[in-house]
>>> print(open('model.txt').read())   # compact mmCIF, C-alpha atoms
# COMPACT_ATOMS: atom_id res chain seq x y z
CA MET R 10 -11.54 -13.16 -21.90
CA SER R 11 -14.76 -11.34 -22.50
CA ASP R 12 -16.83 -14.43 -23.16
CA GLN R 13 -16.33 -15.97 -19.75
CA THR R 14 -19.43 -16.57 -17.74
CA PRO R 15 -19.12 -16.90 -13.96
CA ALA R 16 -22.04 -19.26 -13.73
CA ASP R 17 -22.08 -21.10 -17.04
CA ALA R 18 -25.15 -23.34 -17.01
CA ALA R 19 -23.21 -26.16 -18.67
CA LEU R 20 -20.63 -26.37 -15.91
CA PRO R 21 -20.55 -29.54 -13.85
CA ALA R 22 -21.91 -28.85 -10.39
CA ALA R 23 -18.64 -29.89 -8.79
CA VAL R 24 -16.87 -27.10 -10.68
CA ALA R 25 -19.64 -24.51 -10.36
CA ASP R 26 -19.61 -25.01 -6.57
CA LEU R 27 -15.96 -23.98 -6.44
CA ILE R 28 -16.50 -20.55 -7.96
CA GLY R 29 -15.87 -17.90 -5.30
CA ARG R 30 -14.65 -20.41 -2.72
CA VAL R 31 -11.27 -19.98 -1.00
CA GLN R 32 -9.08 -23.02 -1.66
CA TYR R 33 -5.56 -24.16 -0.94
CA GLU R 34 -4.69 -21.65 1.77
CA THR R 35 -1.02 -22.45 2.11
CA LEU R 36 1.94 -21.19 4.09
CA GLY R 37 5.07 -20.69 1.98
CA ASP R 38 7.70 -23.44 2.16
CA PHE R 39 10.49 -20.98 2.93
CA PRO R 40 11.09 -17.33 3.81
CA VAL R 41 11.64 -14.72 1.16
CA GLU R 42 15.36 -14.66 0.52
CA GLN R 43 17.92 -12.25 -0.87
CA GLY R 44 19.69 -14.78 -3.09
CA TYR R 45 16.59 -15.44 -5.12
CA ILE R 46 15.99 -11.71 -5.45
CA ALA R 47 19.44 -11.33 -7.03
CA THR R 48 18.84 -14.33 -9.30
CA SER R 49 15.58 -12.86 -10.51
CA CYS R 50 17.10 -9.43 -11.12
CA ALA R 51 20.00 -11.05 -12.97
CA SER R 52 17.61 -12.98 -15.22
CA VAL R 53 16.25 -9.72 -16.63
CA GLU R 54 19.33 -7.56 -16.00
CA ASN R 55 17.38 -5.37 -13.59
CA GLY R 56 19.85 -2.93 -12.07
CA ASN R 57 17.35 -1.08 -9.87
CA PRO R 58 19.51 -0.04 -6.88
CA LEU R 59 16.62 -0.83 -4.53
CA PHE R 60 17.57 -4.48 -4.97
CA TRP R 61 21.34 -4.17 -5.08
CA ASP R 62 22.31 -1.24 -2.82
CA PRO R 63 21.35 -1.54 0.86
CA LYS R 64 21.77 2.22 1.34
CA VAL R 65 19.18 2.98 -1.32
CA ALA R 66 16.85 0.33 0.09
CA SER R 67 17.28 1.77 3.58
CA ALA R 68 16.54 5.30 2.39
CA LEU R 69 13.54 4.52 0.18
CA THR R 70 11.90 1.41 1.62
CA ASN R 71 13.23 1.16 5.17
CA GLY R 72 15.33 -1.85 4.21
CA PRO R 73 15.56 -4.46 1.47
CA ILE R 74 12.49 -5.52 -0.45
CA ALA R 75 11.83 -7.99 -3.24
CA PRO R 76 10.86 -6.87 -6.75
CA PRO R 77 7.07 -6.69 -6.66
CA THR R 78 6.69 -8.95 -9.71
CA MET R 79 8.42 -11.78 -7.82
CA ILE R 80 5.28 -12.27 -5.78
CA SER R 81 4.42 -15.68 -7.24
CA VAL R 82 7.96 -16.97 -6.74
CA TRP R 83 7.51 -17.38 -3.02
CA PHE R 84 4.75 -19.95 -3.19
CA ARG R 85 6.08 -22.17 -5.94
CA PRO R 86 6.95 -25.57 -4.42
CA HIS R 87 10.36 -27.18 -4.66
CA HIS R 88 10.75 -29.50 -7.64
CA TRP R 89 11.48 -32.31 -5.18
CA ALA R 90 11.20 -32.70 -1.44
CA PRO R 91 12.00 -35.65 0.83
CA GLY R 92 9.04 -37.89 1.52
CA ARG R 93 6.78 -36.28 -1.03
CA THR R 94 5.02 -38.91 -3.11
CA GLU R 95 2.96 -36.73 -5.41
CA GLU R 96 4.04 -33.88 -7.63
CA ALA R 97 3.41 -30.55 -5.92
CA LEU R 98 1.95 -28.05 -8.32
CA PRO R 99 1.68 -24.28 -8.06
CA LEU R 100 -1.72 -22.82 -8.86
CA GLN R 101 -3.38 -26.11 -7.99
CA VAL R 102 -6.85 -24.89 -9.00
CA HIS R 103 -5.56 -24.56 -12.56
CA PHE R 104 -4.42 -28.18 -12.58
CA ASP R 105 -7.63 -29.32 -10.88
CA LEU R 106 -9.58 -27.78 -13.76
CA LYS R 107 -7.38 -29.46 -16.36
CA ALA R 108 -8.15 -32.77 -14.66
CA ALA R 109 -11.86 -32.03 -14.18
CA PHE R 110 -12.32 -31.32 -17.89
CA ASP R 111 -9.74 -33.87 -19.09
CA LEU R 112 -7.72 -31.19 -20.88
CA PRO R 113 -4.08 -32.30 -21.13
CA GLU R 114 -2.55 -28.98 -22.20
CA ALA R 115 -2.87 -25.45 -20.87
CA VAL R 116 -1.44 -21.98 -21.31
CA MET R 117 -1.87 -18.71 -19.44
CA THR R 118 -3.25 -15.88 -21.57
CA ASP R 119 -3.83 -12.93 -19.20
CA ASN R 120 -2.25 -11.93 -15.93
CA THR R 121 -3.14 -9.01 -13.66
CA ILE R 122 -1.10 -8.25 -10.57
CA VAL R 123 -2.04 -5.66 -7.96
CA PHE R 124 0.78 -4.83 -5.59
CA HIS R 125 0.17 -3.87 -1.98
CA ASP R 126 2.66 -3.86 0.93
CA PRO R 127 6.26 -4.60 -0.12
CA VAL R 128 7.59 -8.13 0.37
CA ARG R 129 10.80 -8.27 2.39
CA PRO R 130 13.54 -10.87 2.93
CA GLY R 131 12.48 -13.02 5.87
CA ASP R 132 8.78 -12.70 5.18
CA VAL R 133 6.79 -15.93 5.02
CA LEU R 134 3.78 -15.54 2.80
CA THR R 135 0.44 -17.24 2.88
CA THR R 136 -1.45 -17.76 -0.35
CA ARG R 137 -4.99 -18.73 -1.15
CA GLN R 138 -6.64 -19.47 -4.48
CA ILE R 139 -10.13 -18.49 -5.57
CA LEU R 140 -11.73 -19.67 -8.82
CA ARG R 141 -13.63 -16.73 -10.31
CA SER R 142 -15.06 -18.09 -13.58
CA VAL R 143 -15.01 -20.90 -16.14
CA SER R 144 -16.10 -20.48 -19.75
CA GLY R 145 -18.06 -22.84 -21.90
CA PRO R 146 -16.18 -24.84 -24.55
CA LYS R 147 -14.07 -22.68 -26.90
CA THR R 148 -11.88 -23.42 -29.90
CA THR R 149 -8.68 -21.47 -30.56
CA LYS R 150 -5.69 -22.07 -32.82
CA LEU R 151 -4.21 -24.21 -30.03
CA GLY R 152 -7.16 -26.55 -29.70
CA THR R 153 -10.52 -26.92 -28.01
CA GLY R 154 -10.99 -26.34 -24.31
CA ARG R 155 -12.10 -23.79 -21.72
CA PHE R 156 -10.88 -20.51 -20.27
CA TRP R 157 -10.84 -19.95 -16.52
CA VAL R 158 -9.96 -17.09 -14.18
CA ILE R 159 -8.23 -17.69 -10.87
CA ASP R 160 -7.28 -15.16 -8.16
CA VAL R 161 -4.32 -15.79 -5.93
CA GLU R 162 -4.14 -13.63 -2.83
CA TYR R 163 -0.91 -13.19 -0.89
CA LEU R 164 -0.56 -12.10 2.74
CA ASN R 165 2.51 -11.73 4.90
CA GLN R 166 3.07 -13.04 8.43
CA HIS R 167 1.33 -9.93 9.80
CA ASP R 168 -1.79 -10.73 7.73
CA ALA R 169 -1.15 -7.67 5.58
CA LEU R 170 -2.15 -8.07 1.95
CA VAL R 171 0.94 -7.92 -0.23
CA GLY R 172 -0.64 -8.67 -3.58
CA VAL R 173 -3.37 -10.22 -5.67
CA GLU R 174 -2.71 -12.02 -8.93
CA THR R 175 -5.46 -12.83 -11.39
CA TYR R 176 -4.66 -15.48 -13.97
CA THR R 177 -6.62 -16.38 -17.07
CA GLY R 178 -5.78 -19.88 -18.22
CA PHE R 179 -6.84 -21.85 -21.27
CA GLY R 180 -6.95 -25.61 -20.83
CA TYR R 181 -7.20 -27.44 -24.11
CA ARG R 182 -6.86 -30.59 -26.14
CA ARG R 183 -4.97 -30.28 -29.39
CA ASP R 184 -7.25 -30.81 -32.35
CA ALA R 185 -6.53 -33.93 -34.44
CA SER R 186 -4.91 -32.90 -37.73
CA MET Z 25 12.68 10.57 3.00
CA THR Z 26 13.46 13.10 0.33
CA PRO Z 27 14.16 11.56 -3.07
CA ALA Z 28 17.36 12.49 -4.88
CA ALA Z 29 17.38 15.57 -7.07
CA ALA Z 30 17.33 13.52 -10.28
CA THR Z 31 14.19 11.64 -9.26
CA MET Z 32 11.43 11.60 -11.85
CA LEU Z 33 8.44 13.51 -10.48
CA LEU Z 34 4.84 13.22 -11.58
CA GLY Z 35 4.98 16.72 -13.02
CA ASP Z 36 7.80 15.65 -15.35
CA VAL Z 37 5.49 13.16 -17.10
CA HIS Z 38 2.76 13.91 -19.60
CA ALA Z 39 0.23 11.92 -21.59
CA GLY Z 40 1.74 10.98 -24.92
CA ASP Z 41 5.32 10.82 -23.64
CA ARG Z 42 7.32 7.95 -25.09
CA VAL Z 43 9.61 5.71 -23.12
CA ALA Z 44 12.90 4.82 -24.82
CA ASP Z 45 12.83 1.36 -26.41
CA LEU Z 46 14.67 -1.57 -24.89
CA ALA Z 47 15.89 -4.27 -27.28
CA TYR Z 48 17.17 -7.63 -26.08
CA ASP Z 49 18.31 -10.72 -27.96
CA VAL Z 50 16.71 -13.79 -26.39
CA THR Z 51 18.69 -17.00 -26.08
CA ALA Z 52 17.78 -20.40 -24.64
CA THR Z 53 19.65 -19.26 -21.54
CA THR Z 54 17.34 -16.23 -21.24
CA ILE Z 55 14.31 -18.53 -21.24
CA VAL Z 56 15.72 -21.17 -18.89
CA LEU Z 57 17.31 -18.69 -16.48
CA GLY Z 58 14.07 -16.72 -16.34
CA ALA Z 59 11.98 -19.81 -15.65
CA LEU Z 60 14.28 -21.10 -12.93
CA ALA Z 61 14.58 -17.64 -11.34
CA ALA Z 62 10.80 -17.73 -11.08
CA ARG Z 63 10.92 -21.29 -9.68
CA ASP Z 64 8.90 -22.47 -12.66
CA TRP Z 65 10.05 -26.02 -13.32
CA ARG Z 66 7.53 -26.85 -16.04
CA PRO Z 67 9.27 -28.52 -18.99
CA MET Z 68 7.96 -26.27 -21.75
CA HIS Z 69 10.32 -23.60 -20.43
CA HIS Z 70 13.48 -25.74 -20.57
CA ASP Z 71 12.80 -28.92 -22.58
CA TYR Z 72 12.74 -28.43 -26.35
CA ASP Z 73 11.21 -31.83 -27.14
CA PHE Z 74 8.43 -31.36 -24.61
CA ALA Z 75 7.65 -27.85 -25.86
CA VAL Z 76 7.54 -28.90 -29.51
CA HIS Z 77 6.01 -32.36 -29.35
CA ARG Z 78 3.68 -32.01 -26.36
CA ASN Z 79 2.74 -28.34 -26.37
CA GLY Z 80 2.91 -27.88 -30.12
CA THR Z 81 5.02 -24.73 -29.88
CA GLN Z 82 8.07 -24.01 -32.03
CA ASN Z 83 10.56 -24.03 -29.16
CA ILE Z 84 10.80 -23.49 -25.41
CA PHE Z 85 9.20 -20.18 -24.56
CA MET Z 86 9.36 -17.43 -21.94
CA ASN Z 87 7.13 -18.01 -18.92
CA THR Z 88 4.60 -15.59 -17.50
CA PRO Z 89 6.40 -14.51 -14.28
CA ASN Z 90 9.59 -13.82 -16.21
CA GLN Z 91 7.70 -11.62 -18.65
CA ALA Z 92 6.37 -9.71 -15.63
CA ALA Z 93 9.94 -9.28 -14.38
CA TRP Z 94 10.98 -7.90 -17.78
CA PHE Z 95 8.09 -5.41 -17.74
CA GLU Z 96 9.03 -4.31 -14.22
CA ARG Z 97 12.67 -3.84 -15.23
CA TYR Z 98 11.67 -1.81 -18.28
CA VAL Z 99 9.30 0.48 -16.36
CA THR Z 100 11.60 1.09 -13.39
CA ASP Z 101 14.57 1.70 -15.69
CA TRP Z 102 12.48 4.69 -16.76
CA THR Z 103 11.15 5.86 -13.38
CA GLY Z 104 14.16 5.14 -11.22
CA PRO Z 105 13.88 3.50 -7.81
CA THR Z 106 11.21 5.85 -6.46
CA GLY Z 107 8.75 4.50 -9.04
CA ARG Z 108 6.47 2.02 -7.27
CA LEU Z 109 4.41 -0.45 -9.28
CA GLY Z 110 0.75 -0.51 -8.34
CA ARG Z 111 -0.90 -2.59 -11.00
CA MET Z 112 0.17 -4.54 -14.04
CA LYS Z 113 -2.12 -6.28 -16.50
CA PHE Z 114 -0.79 -8.12 -19.48
CA ARG Z 115 -2.08 -10.27 -22.26
CA MET Z 116 0.12 -12.64 -24.18
CA LEU Z 117 -0.74 -12.83 -27.86
CA GLY Z 118 2.20 -14.97 -28.87
CA SER Z 119 5.24 -16.63 -27.35
CA VAL Z 120 8.81 -15.39 -27.07
CA TYR Z 121 11.40 -17.94 -28.21
CA PRO Z 122 15.17 -18.29 -28.32
CA GLY Z 123 16.48 -16.35 -31.31
CA ASP Z 124 13.88 -13.60 -30.97
CA ARG Z 125 14.91 -9.98 -30.54
CA MET Z 126 12.49 -8.57 -27.97
CA VAL Z 127 11.72 -4.88 -28.25
CA PHE Z 128 9.94 -3.17 -25.37
CA SER Z 129 8.29 0.17 -26.08
CA ALA Z 130 5.83 2.28 -24.11
CA SER Z 131 3.84 5.44 -24.06
CA VAL Z 132 2.19 7.36 -21.25
CA GLU Z 133 -1.58 7.00 -21.55
CA SER Z 134 -2.49 9.34 -18.72
CA VAL Z 135 -1.21 11.00 -15.57
CA THR Z 136 -3.50 11.12 -12.54
CA THR Z 137 -3.61 11.86 -8.84
CA ASP Z 138 -5.90 9.64 -6.77
CA ALA Z 139 -8.17 10.48 -3.84
CA VAL Z 140 -5.38 10.11 -1.30
CA GLY Z 141 -2.92 12.26 -3.23
CA CYS Z 142 -0.85 9.51 -4.81
CA GLY Z 143 0.42 10.35 -8.28
CA TRP Z 144 0.16 7.77 -11.04
CA ALA Z 145 1.55 7.36 -14.53
CA HIS Z 146 -0.47 4.92 -16.62
CA LEU Z 147 1.61 3.28 -19.33
CA LEU Z 148 0.84 1.03 -22.26
CA VAL Z 149 3.86 -1.19 -22.77
CA THR Z 150 4.38 -3.46 -25.76
CA LEU Z 151 6.72 -6.39 -26.16
CA ALA Z 152 7.24 -7.05 -29.87
CA VAL Z 153 9.35 -9.34 -32.01
CA GLU Z 154 10.04 -8.26 -35.59
CA GLY Z 155 7.23 -5.74 -35.28
CA GLU Z 156 4.67 -8.31 -34.13
CA THR Z 157 3.20 -7.65 -30.70
CA LYS Z 158 3.72 -10.65 -28.46
CA THR Z 159 2.43 -9.12 -25.24
CA HIS Z 160 0.82 -5.85 -24.34
CA CYS Z 161 0.82 -4.64 -20.80
CA SER Z 162 -0.93 -1.86 -18.92
CA VAL Z 163 1.04 -0.57 -15.98
CA ALA Z 164 0.13 1.89 -13.24
CA VAL Z 165 3.26 3.16 -11.54
CA ALA Z 166 3.24 5.62 -8.66
CA LEU Z 167 5.64 8.55 -8.89
CA PRO Z 168 6.56 11.19 -6.31
CA THR Z 169 4.37 14.26 -6.60
CA SER Z 170 7.08 16.43 -5.03
CA ARG Z 171 10.61 16.09 -3.71
CA ASP Z 172 9.15 15.41 -0.26
CA ASP Z 173 6.91 12.59 -1.47
CA ASN Z 174 7.91 8.92 -1.55
CA PRO Z 175 5.28 6.47 -2.87
CA TRP Z 176 6.98 3.64 -0.98
CA ASP Z 177 5.92 5.24 2.31
CA ARG Z 178 2.25 4.63 1.53
CA ARG Z 179 0.39 1.84 3.35
CA GLY Z 180 -3.18 0.75 3.97
CA GLU Z 181 -5.79 3.35 3.11
CA HIS Z 182 -3.11 5.62 1.67
CA TRP Z 183 -2.16 3.08 -1.02
CA LEU Z 184 -4.94 2.44 -3.52
CA PRO Z 185 -3.48 0.62 -6.53
>>> encode(input="model.txt", output="structure tokens")
Amino acid sequence: MSDQTPADAALPAAVADLIGRVQYETLGDFPVEQGYIATSCASVENGNPLFWDPKVASALTNGPIAPPTMISVWFRPHHWAPGRTEEALPLQVHFDLKAAFDLPEAVMTDNTIVFHDPVRPGDVLTTRQILRSVSGPKTTKLGTGRFWVIDVEYLNQHDALVGVETYTGFGYRRDAS
Amino acid sequence: MTPAAATMLLGDVHAGDRVADLAYDVTATTIVLGALAARDWRPMHHDYDFAVHRNGTQNIFMNTPNQAAWFERYVTDWTGPTGRLGRMKFRMLGSVYPGDRMVFSASVESVTTDAVGCGWAHLLVTLAVEGETKTHCSVAVALPTSRDDNPWDRRGEHWLP
């Protein structure tokens, strides 16, 4: 959103201090796997032979790769895990901001993905989140809240950058009607 | 490697070219399958009551990663497997619900070659329902510049998306 201000004077210090700071550097729970690649391709009826024909993958990409847009799939936590007592949330910075501003609802409005080295079955990715900006209070048709921009960087087990996602979220409270 | 003879090359593409439309009838299964394929367990993508009564939307709706997967499918249906996505930026203006007929359309905005010789087609892709744009998406996709070129071979300083 064009009206976001990286250092909005009205931001609480605890939030302003987080802008530009690397947070939640996390190793993926599981390796990139072929079955999920097929499930994702099936969900959008993607017949690209790179993801279905090992001969094509061998010739073009030196072996199987995952669809580039699956990049966020590999760091989303399981819905449940043994011994876990708190809900694990992807894009934790987003949920931290909802809590910090007491905004119960949120949607994503913009998403930019830059793709670097291909992700391959067996890779274990590391992610890290960086808050880039938080707007002042805004009112939209959904309600009143704030926009924020978060980068998520992804690296593979060789520390090669495989992608960067930039999310714009809008946390809000529905207006009383 | 040398791409197949039918491979789309950069020289085959020109600013103003149109990509054939893709129409798809969305069902609740489309939304739920897409969310679960993306490991997105949030209830607004599978729970009607939550979506309507908590989020204030008219139904469950397609999640962001699944929209990205649809855009990728649409673009690489056009380029073939040698097309390599470099950058995708999209803005959602409205939600996609069960019962909608999604129509993807695109045009080539420009064709460029970068400083390291990688060829790029820059597309503006639109996802619309009943003529109303729900999401627009800018895509930079690398294409072979010759039959001896394969964008997937590029790494490090030779890949500048």
>>> closest_residue(input="model.txt", among="Z:His146, Z:His69, Z:Arg178, Z:Arg97", to="chain R", atoms="all atoms listed in the file")
Z:Arg97
>>> interface_residues(input="model.txt", of="chain R", to="chain Z", cutoff="7 Å", atoms="all atoms listed in the file", output="PyMOL selection string")
chain R and resi 45+48-49+52-53+55+57-59+68-70+78+82+85+88+114+118-124+126
>>> residues_around(input="model.txt", residues="Pro113 in chain R", least_positions_apart="6", cutoff="9 Å", atoms="only C-alpha atoms", output="ChimeraX atom specification")
/R:107,180-183
>>> atom_distance(input="model.txt", atom1="CA of Val43 in chain Z", atom2="CA of Ala152 in chain Z")
14.6 Å
>>> atom_distance(input="model.txt", atom1="CA of Gln32 in chain R", atom2="CA of Gly131 in chain R")
24.9 Å
>>> atom_distance(input="model.txt", atom1="CA of Val99 in chain Z", atom2="CA of Val132 in chain Z")
11.0 Å
>>> axis_aligned_box(input="model.txt", around="range 108-123 of chain R", padding_each_side="3 Å", output="lines of an AutoDock Vina configuration file")
center_x = -6.7
center_y = -19.8
center_z = -15.1
size_x = 17.2
size_y = 34.2
size_z = 20.2
>>> closest_residue(input="model.txt", among="R:Met79, R:Ala115, R:Val171, R:Ala109", to="Met68 in chain Z", atoms="only C-alpha atoms")
R:Ala115
>>> closest_residue(input="model.txt", among="R:Met117, R:Cys50, R:Leu151, R:Glu162", to="Thr177 in chain R", atoms="all atoms listed in the file")
R:Met117
>>> closest_residue(input="model.txt", among="Z:Ala130, Z:Ala52, Z:Gly107, Z:Val153", to="Phe85 in chain Z", atoms="all atoms listed in the file")
Z:Ala52
>>> closest_residue(input="model.txt", among="R:Leu20, R:Glu54, R:Glu95, R:Gln138", to="Tyr33 in chain R", atoms="only C-alpha atoms")
R:Gln138
>>> residues_around(input="model.txt", residues="Gly143 in chain Z", least_positions_apart="5", cutoff="6 Å", atoms="only C-alpha atoms", output="list in words")
Thr136, Thr137, Ala166, Leu167 and Thr169 of chain Z
>>> residues_around(input="model.txt", residues="Ser129 in chain Z", least_positions_apart="4", cutoff="6 Å", atoms="all atoms listed in the file", output="PyMOL selection string")
chain Z and resi 45+149-150
